[in-house]
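Asks: Attaching a single structure in structure tokens format; questions to follow.
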Amino acid sequence: MTTETKEHMGTDTGLSRHVHRLLTRVRAFDARRPWPWDTAVTSGWVLAALVDAAGGWRTTAPDPTLPVWLVTALSLALSVPLYWRRRHPTAALAAMACAALVSDASGAFLQSSYLQLLPVFHIALLRPPRALLWSLALILPPLVTGAVRFFPESWDQRVVPTLWAYALVALLGITVRSRKDHTAGLVDRARRLEIERDQEVRLAAAAERTRIAREMHDIIGHNLSVITGLADGGRYAAAKSPERAAQALDAIGTTSREALADLRRLLGVLRDDEQEAARDPQPTLADLDALLTGVRKAGLPVRLAAHDEPPAPPLSPGAQLTVYRVVQEALTNTLKHAGPAARATVLLTYTPREVRAEITDTGTGTAHAPRGQGQGLTGMRERAALYDGTLDCGPLPAGGWAVRLRIPLRTPREVSPS
């Protein structure tokens, strides 16, 4: 495509835009104040009808001897009602049909009778289809009267061509109406799609905020609990074994750096100025050992057991992340609430239909009372619900706390890992 062609297309596009904008303003003005346009159109046709009444009507009239005042009155009666053609088209056509009946019956056969085409167009455009039948009932009497009174030439010269003209005008009005309805439908559909798009954007933003809040809660809550446990252990070990205290400080530093790395990865996705944020793989069931190692360093003895073999094919990454986060959150609550002498067990059970994870501890006393409150339980249940799973938690009869997660192996709503 040459430069001249591009410039020409750009000019045409700019001109079309200006014309469309001008027409839109004209339509808006006409919708607010219809009387200037109606007055202008009516005045033009009144002048044309009076010009014909000045003498031109005699060239087509079967009886050219009619008085001028009658012809003038009929011309006004056939043109002035056009002012109401858009607001009251049927009434305007009825008034004009009465004048047309007198015109044809008297032999004037005024050309202004064809102005009835304008109300017929607006009836087809604005009124139900059955209104066209009433229009036909108003149009036929003048034509039949003139044809009977001045037989035979009026049938071929006036009746048949006039009926064809009315039919074409009615079809034109129906076509324009269909086009306007189609355009209005497209505009309404575009508006509804825009509303739905905005709703989807808001829902997606809310879901993303929930996901980020859940991830930050899991990351910060777990790592702070581990750091707190390490700090308490290091404080007790400082007096008796400085080497154990140094190990605790090293573990605190390692845990802190891992938490910062996870936060940077999570928040990096939100940065608009980064084309490709760092997307490290999310934890899976294979990372449970590393998780439990960190919990043990924080002072909580925890044991991992599994019944049967993992399913084949394995759980999706999102489902594995759900199991991992639930185990992480349950152990974090144990660190915070179960007391210093508690022990924990993580039991994974694989069946042909589901995967179950049960996290129990031996905490006693009132330390378990706060469990089940806040964002932790809500986040775990939300994660389980994403995979049609269930999550139950509560105190054990012999003391301690249990969290039970169940995830079906086949779920109709597979989602991508967060």
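By convention in this document, the chains of the structure tokens carry letters A, B, ... by their order, each chain's residues are numbered from 1, and ligands are numbered from 1 in the order they are shown.
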Neighbouring residues of stretch 40-42 of chain A were defined as those with any atom within 12 Å, considering only C-alpha atoms; residues of the same chain fewer than 4 positions away were excluded. Please report them as a list in words.

Replies: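 Once the adjacent positions are removed, what remains is Pro34, Trp35, Pro36, Val46, Leu47, Ala48, Ala49, Leu76, Ala77, Leu78, Ser79, Val80, Pro81, Leu82, Tyr83, Trp84, Arg85, Arg86, Leu115 and Leu118 of chain A.
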
Asks: For the selection just defined, write its residues with N, CA, C and O atoms to a file, as a PDB file, in the first residue's frame.

Replies:
ATOM      1  N   PRO A  34     -38.141  18.316  18.294  1.00  0.00           N
ATOM      2  CA  PRO A  34     -38.565  17.872  16.966  1.00  0.00           C
ATOM      3  C   PRO A  34     -39.291  18.942  16.158  1.00  0.00           C
ATOM      4  O   PRO A  34     -39.390  18.825  14.935  1.00  0.00           O
ATOM      5  N   TRP A  35     -39.778  19.995  16.815  1.00  0.00           N
ATOM      6  CA  TRP A  35     -40.604  20.956  16.091  1.00  0.00           C
ATOM      7  C   TRP A  35     -39.860  21.741  15.007  1.00  0.00           C
ATOM      8  O   TRP A  35     -40.473  22.079  13.982  1.00  0.00           O
ATOM      9  N   PRO A  36     -38.563  22.092  15.135  1.00  0.00           N
ATOM     10  CA  PRO A  36     -37.924  22.831  14.023  1.00  0.00           C
ATOM     11  C   PRO A  36     -37.912  22.022  12.721  1.00  0.00           C
ATOM     12  O   PRO A  36     -38.214  22.567  11.646  1.00  0.00           O
ATOM     13  N   VAL A  46     -46.072  22.590   2.094  1.00  0.00           N
ATOM     14  CA  VAL A  46     -47.199  23.529   1.961  1.00  0.00           C
ATOM     15  C   VAL A  46     -46.959  24.469   0.790  1.00  0.00           C
ATOM     16  O   VAL A  46     -47.863  24.742  -0.028  1.00  0.00           O
ATOM     17  N   LEU A  47     -45.734  24.972   0.691  1.00  0.00           N
ATOM     18  CA  LEU A  47     -45.417  25.861  -0.436  1.00  0.00           C
ATOM     19  C   LEU A  47     -45.557  25.118  -1.759  1.00  0.00           C
ATOM     20  O   LEU A  47     -46.095  25.663  -2.743  1.00  0.00           O
ATOM     21  N   ALA A  48     -45.082  23.877  -1.817  1.00  0.00           N
ATOM     22  CA  ALA A  48     -45.207  23.110  -3.057  1.00  0.00           C
ATOM     23  C   ALA A  48     -46.667  22.860  -3.411  1.00  0.00           C
ATOM     24  O   ALA A  48     -47.062  22.952  -4.597  1.00  0.00           O
ATOM     25  N   ALA A  49     -47.504  22.559  -2.410  1.00  0.00           N
ATOM     26  CA  ALA A  49     -48.928  22.327  -2.672  1.00  0.00           C
ATOM     27  C   ALA A  49     -49.614  23.609  -3.150  1.00  0.00           C
ATOM     28  O   ALA A  49     -50.461  23.572  -4.060  1.00  0.00           O
ATOM     29  N   LEU A  76     -54.084  22.903   1.311  1.00  0.00           N
ATOM     30  CA  LEU A  76     -53.651  23.090   2.701  1.00  0.00           C
ATOM     31  C   LEU A  76     -54.024  21.872   3.556  1.00  0.00           C
ATOM     32  O   LEU A  76     -53.244  21.442   4.422  1.00  0.00           O
ATOM     33  N   ALA A  77     -55.214  21.312   3.323  1.00  0.00           N
ATOM     34  CA  ALA A  77     -55.641  20.153   4.102  1.00  0.00           C
ATOM     35  C   ALA A  77     -54.778  18.929   3.806  1.00  0.00           C
ATOM     36  O   ALA A  77     -54.657  18.034   4.657  1.00  0.00           O
ATOM     37  N   LEU A  78     -54.180  18.876   2.639  1.00  0.00           N
ATOM     38  CA  LEU A  78     -53.323  17.746   2.279  1.00  0.00           C
ATOM     39  C   LEU A  78     -51.861  17.939   2.685  1.00  0.00           C
ATOM     40  O   LEU A  78     -51.071  17.000   2.584  1.00  0.00           O
ATOM     41  N   SER A  79     -51.492  19.115   3.128  1.00  0.00           N
ATOM     42  CA  SER A  79     -50.088  19.381   3.461  1.00  0.00           C
ATOM     43  C   SER A  79     -49.855  19.770   4.914  1.00  0.00           C
ATOM     44  O   SER A  79     -48.862  19.355   5.519  1.00  0.00           O
ATOM     45  N   VAL A  80     -50.755  20.559   5.509  1.00  0.00           N
ATOM     46  CA  VAL A  80     -50.551  21.016   6.889  1.00  0.00           C
ATOM     47  C   VAL A  80     -50.491  19.853   7.888  1.00  0.00           C
ATOM     48  O   VAL A  80     -49.671  19.870   8.822  1.00  0.00           O
ATOM     49  N   PRO A  81     -51.325  18.789   7.748  1.00  0.00           N
ATOM     50  CA  PRO A  81     -51.235  17.677   8.720  1.00  0.00           C
ATOM     51  C   PRO A  81     -49.869  16.977   8.749  1.00  0.00           C
ATOM     52  O   PRO A  81     -49.623  16.176   9.665  1.00  0.00           O
ATOM     53  N   LEU A  82     -49.001  17.249   7.787  1.00  0.00           N
ATOM     54  CA  LEU A  82     -47.674  16.634   7.817  1.00  0.00           C
ATOM     55  C   LEU A  82     -46.880  17.017   9.064  1.00  0.00           C
ATOM     56  O   LEU A  82     -45.932  16.313   9.437  1.00  0.00           O
ATOM     57  N   TYR A  83     -47.259  18.120   9.689  1.00  0.00           N
ATOM     58  CA  TYR A  83     -46.553  18.534  10.891  1.00  0.00           C
ATOM     59  C   TYR A  83     -46.650  17.471  11.988  1.00  0.00           C
ATOM     60  O   TYR A  83     -45.754  17.338  12.824  1.00  0.00           O
ATOM     61  N   TRP A  84     -47.740  16.685  12.008  1.00  0.00           N
ATOM     62  CA  TRP A  84     -47.951  15.668  13.047  1.00  0.00           C
ATOM     63  C   TRP A  84     -47.665  14.252  12.526  1.00  0.00           C
ATOM     64  O   TRP A  84     -48.084  13.278  13.143  1.00  0.00           O
ATOM     65  N   ARG A  85     -46.959  14.147  11.388  1.00  0.00           N
ATOM     66  CA  ARG A  85     -46.769  12.842  10.764  1.00  0.00           C
ATOM     67  C   ARG A  85     -45.932  11.898  11.626  1.00  0.00           C
ATOM     68  O   ARG A  85     -46.072  10.671  11.528  1.00  0.00           O
ATOM     69  N   ARG A  86     -45.027  12.415  12.478  1.00  0.00           N
ATOM     70  CA  ARG A  86     -44.168  11.554  13.290  1.00  0.00           C
ATOM     71  C   ARG A  86     -44.790  11.225  14.645  1.00  0.00           C
ATOM     72  O   ARG A  86     -44.619  10.114  15.143  1.00  0.00           O
ATOM     73  N   LEU A 115     -48.869  13.235  -0.951  1.00  0.00           N
ATOM     74  CA  LEU A 115     -48.206  13.493   0.330  1.00  0.00           C
ATOM     75  C   LEU A 115     -48.655  12.511   1.404  1.00  0.00           C
ATOM     76  O   LEU A 115     -48.020  12.423   2.467  1.00  0.00           O
ATOM     77  N   LEU A 118     -46.070  10.069   3.050  1.00  0.00           N
ATOM     78  CA  LEU A 118     -45.221  10.354   4.219  1.00  0.00           C
ATOM     79  C   LEU A 118     -45.812   9.790   5.504  1.00  0.00           C
ATOM     80  O   LEU A 118     -45.107   9.115   6.271  1.00  0.00           O
TER      81      LEU A 118
END

Asks: What's the 6 Å shell around stretch 51-56 of chain A, counting only C-alpha atoms, without same-chain residues fewer than 3 positions away, as a PyMOL selection string?

Replies: chain A and resi 48+59+71-72

Asks: Can you write just those residues out, all heavy atoms, as a compact mmCIF listing (two decimals), in the first residue's frame?

Replies:
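The new file out_32.txt reads:
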# COMPACT_ATOMS: atom_id res chain seq x y z
N ALA A 48 -45.08 23.88 -1.82
CA ALA A 48 -45.21 23.11 -3.06
C ALA A 48 -46.67 22.86 -3.41
O ALA A 48 -47.06 22.95 -4.60
CB ALA A 48 -44.47 21.78 -2.90
N THR A 59 -53.74 20.72 -15.21
CA THR A 59 -53.17 19.89 -16.27
C THR A 59 -53.50 18.42 -16.10
O THR A 59 -53.44 17.65 -17.07
CB THR A 59 -51.64 20.06 -16.31
OG1 THR A 59 -51.10 19.68 -15.05
CG2 THR A 59 -51.26 21.51 -16.59
N VAL A 71 -59.71 24.51 -4.25
CA VAL A 71 -58.42 23.86 -4.52
C VAL A 71 -57.37 24.28 -3.48
O VAL A 71 -56.59 23.46 -3.01
CB VAL A 71 -57.96 24.20 -5.95
CG1 VAL A 71 -56.57 23.64 -6.20
CG2 VAL A 71 -58.94 23.66 -6.97
N THR A 72 -57.39 25.57 -3.11
CA THR A 72 -56.44 26.05 -2.11
C THR A 72 -56.69 25.40 -0.75
O THR A 72 -55.75 24.97 -0.06
CB THR A 72 -56.52 27.58 -1.99
OG1 THR A 72 -56.27 28.18 -3.27
CG2 THR A 72 -55.52 28.10 -0.97

Asks: So, with only C-alpha atoms as the atoms that count, which of A:Pro128, A:His122, A:Trp164, A:Ala190 lies closest to A:Val176?

Replies: A:His122

Asks: Could you give me, as number ranges by chain, the residues within 9 Å of stretch 303-320 of chain A, counting only C-alpha atoms and dropping anything in the same chain fewer than 2 positions from it?

Replies: A: 282-286, 288-289, 292, 301, 322-325, 343-352, 355, 383-384, 386-387, 407, 409, 414-418

Asks: Which is closest to A:Leu132 among A:Thr90, A:Val201, A:Leu163, A:Gln157, if we use only C-alpha atoms?

Replies: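 Among A:Thr90, A:Val201, A:Leu163, A:Gln157, it is A:Thr90 that comes nearest to A:Leu132.
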
Asks: Residues at most 12 Å from A:Gly107, counting only C-alpha atoms, excluding those fewer than 2 positions away in the same chain, as a PDB file with C-alpha atoms, in the first residue's frame?

Replies:
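Done, and the output landed in out34.pdb:
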ATOM      1  CA  TRP A  57     -53.479  21.188 -10.929  1.00  0.00           C
ATOM      2  CA  ARG A  58     -55.598  21.850 -14.052  1.00  0.00           C
ATOM      3  CA  THR A  59     -53.171  19.891 -16.272  1.00  0.00           C
ATOM      4  CA  THR A  60     -54.161  16.598 -14.620  1.00  0.00           C
ATOM      5  CA  ALA A  61     -57.661  17.361 -13.304  1.00  0.00           C
ATOM      6  CA  PRO A  62     -60.727  15.819 -15.025  1.00  0.00           C
ATOM      7  CA  ASP A  63     -62.693  18.942 -13.995  1.00  0.00           C
ATOM      8  CA  PRO A  64     -60.491  22.069 -14.294  1.00  0.00           C
ATOM      9  CA  THR A  65     -63.449  24.402 -13.580  1.00  0.00           C
ATOM     10  CA  LEU A  66     -63.390  24.014  -9.803  1.00  0.00           C
ATOM     11  CA  PRO A  67     -63.154  27.243  -7.763  1.00  0.00           C
ATOM     12  CA  LEU A  70     -61.674  24.959  -2.900  1.00  0.00           C
ATOM     13  CA  VAL A  71     -58.424  23.859  -4.520  1.00  0.00           C
ATOM     14  CA  ALA A 100     -58.127  13.403  -0.806  1.00  0.00           C
ATOM     15  CA  LEU A 101     -61.686  12.018  -0.906  1.00  0.00           C
ATOM     16  CA  VAL A 102     -63.065  15.472  -1.677  1.00  0.00           C
ATOM     17  CA  SER A 103     -60.303  16.060  -4.222  1.00  0.00           C
ATOM     18  CA  ASP A 104     -60.998  12.851  -6.146  1.00  0.00           C
ATOM     19  CA  ALA A 105     -64.774  13.111  -5.860  1.00  0.00           C
ATOM     20  CA  PHE A 109     -57.139  15.059  -8.552  1.00  0.00           C
ATOM     21  CA  LEU A 110     -54.570  17.240  -6.749  1.00  0.00           C
ATOM     22  CA  GLN A 111     -50.960  16.054  -6.915  1.00  0.00           C
ATOM     23  CA  PRO A 142     -60.578   8.319  -2.361  1.00  0.00           C
ATOM     24  CA  LEU A 143     -59.013   6.204  -5.107  1.00  0.00           C
ATOM     25  CA  THR A 145     -64.358   7.126  -5.593  1.00  0.00           C
ATOM     26  CA  GLY A 146     -62.295   8.905  -8.241  1.00  0.00           C
ATOM     27  CA  ALA A 147     -62.032   5.776 -10.379  1.00  0.00           C
ATOM     28  CA  VAL A 148     -65.792   5.157 -10.323  1.00  0.00           C
ATOM     29  CA  ARG A 149     -66.711   8.766 -10.933  1.00  0.00           C
ATOM     30  CA  PHE A 150     -64.219   9.344 -13.769  1.00  0.00           C
ATOM     31  CA  PHE A 151     -64.056   5.928 -15.404  1.00  0.00           C
ATOM     32  CA  SER A 154     -58.316   6.789 -13.716  1.00  0.00           C
TER      33      SER A 154
END

Asks: Rounded to one decimal in Å, what is the spacing between atom CA of A:Ala385 and atom CA of A:Ala402?

Replies: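 These atoms are spaced 18.8 Å apart.
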
Asks: Measuring between only C-alpha atoms, which one of A:Gln328, A:Thr210, A:Thr360, A:Asn333 shows the shortest distance to A:Ala290?

Replies: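 Of A:Gln328, A:Thr210, A:Thr360, A:Asn333, the one nearest A:Ala290, counting only C-alpha atoms, is A:Gln328.
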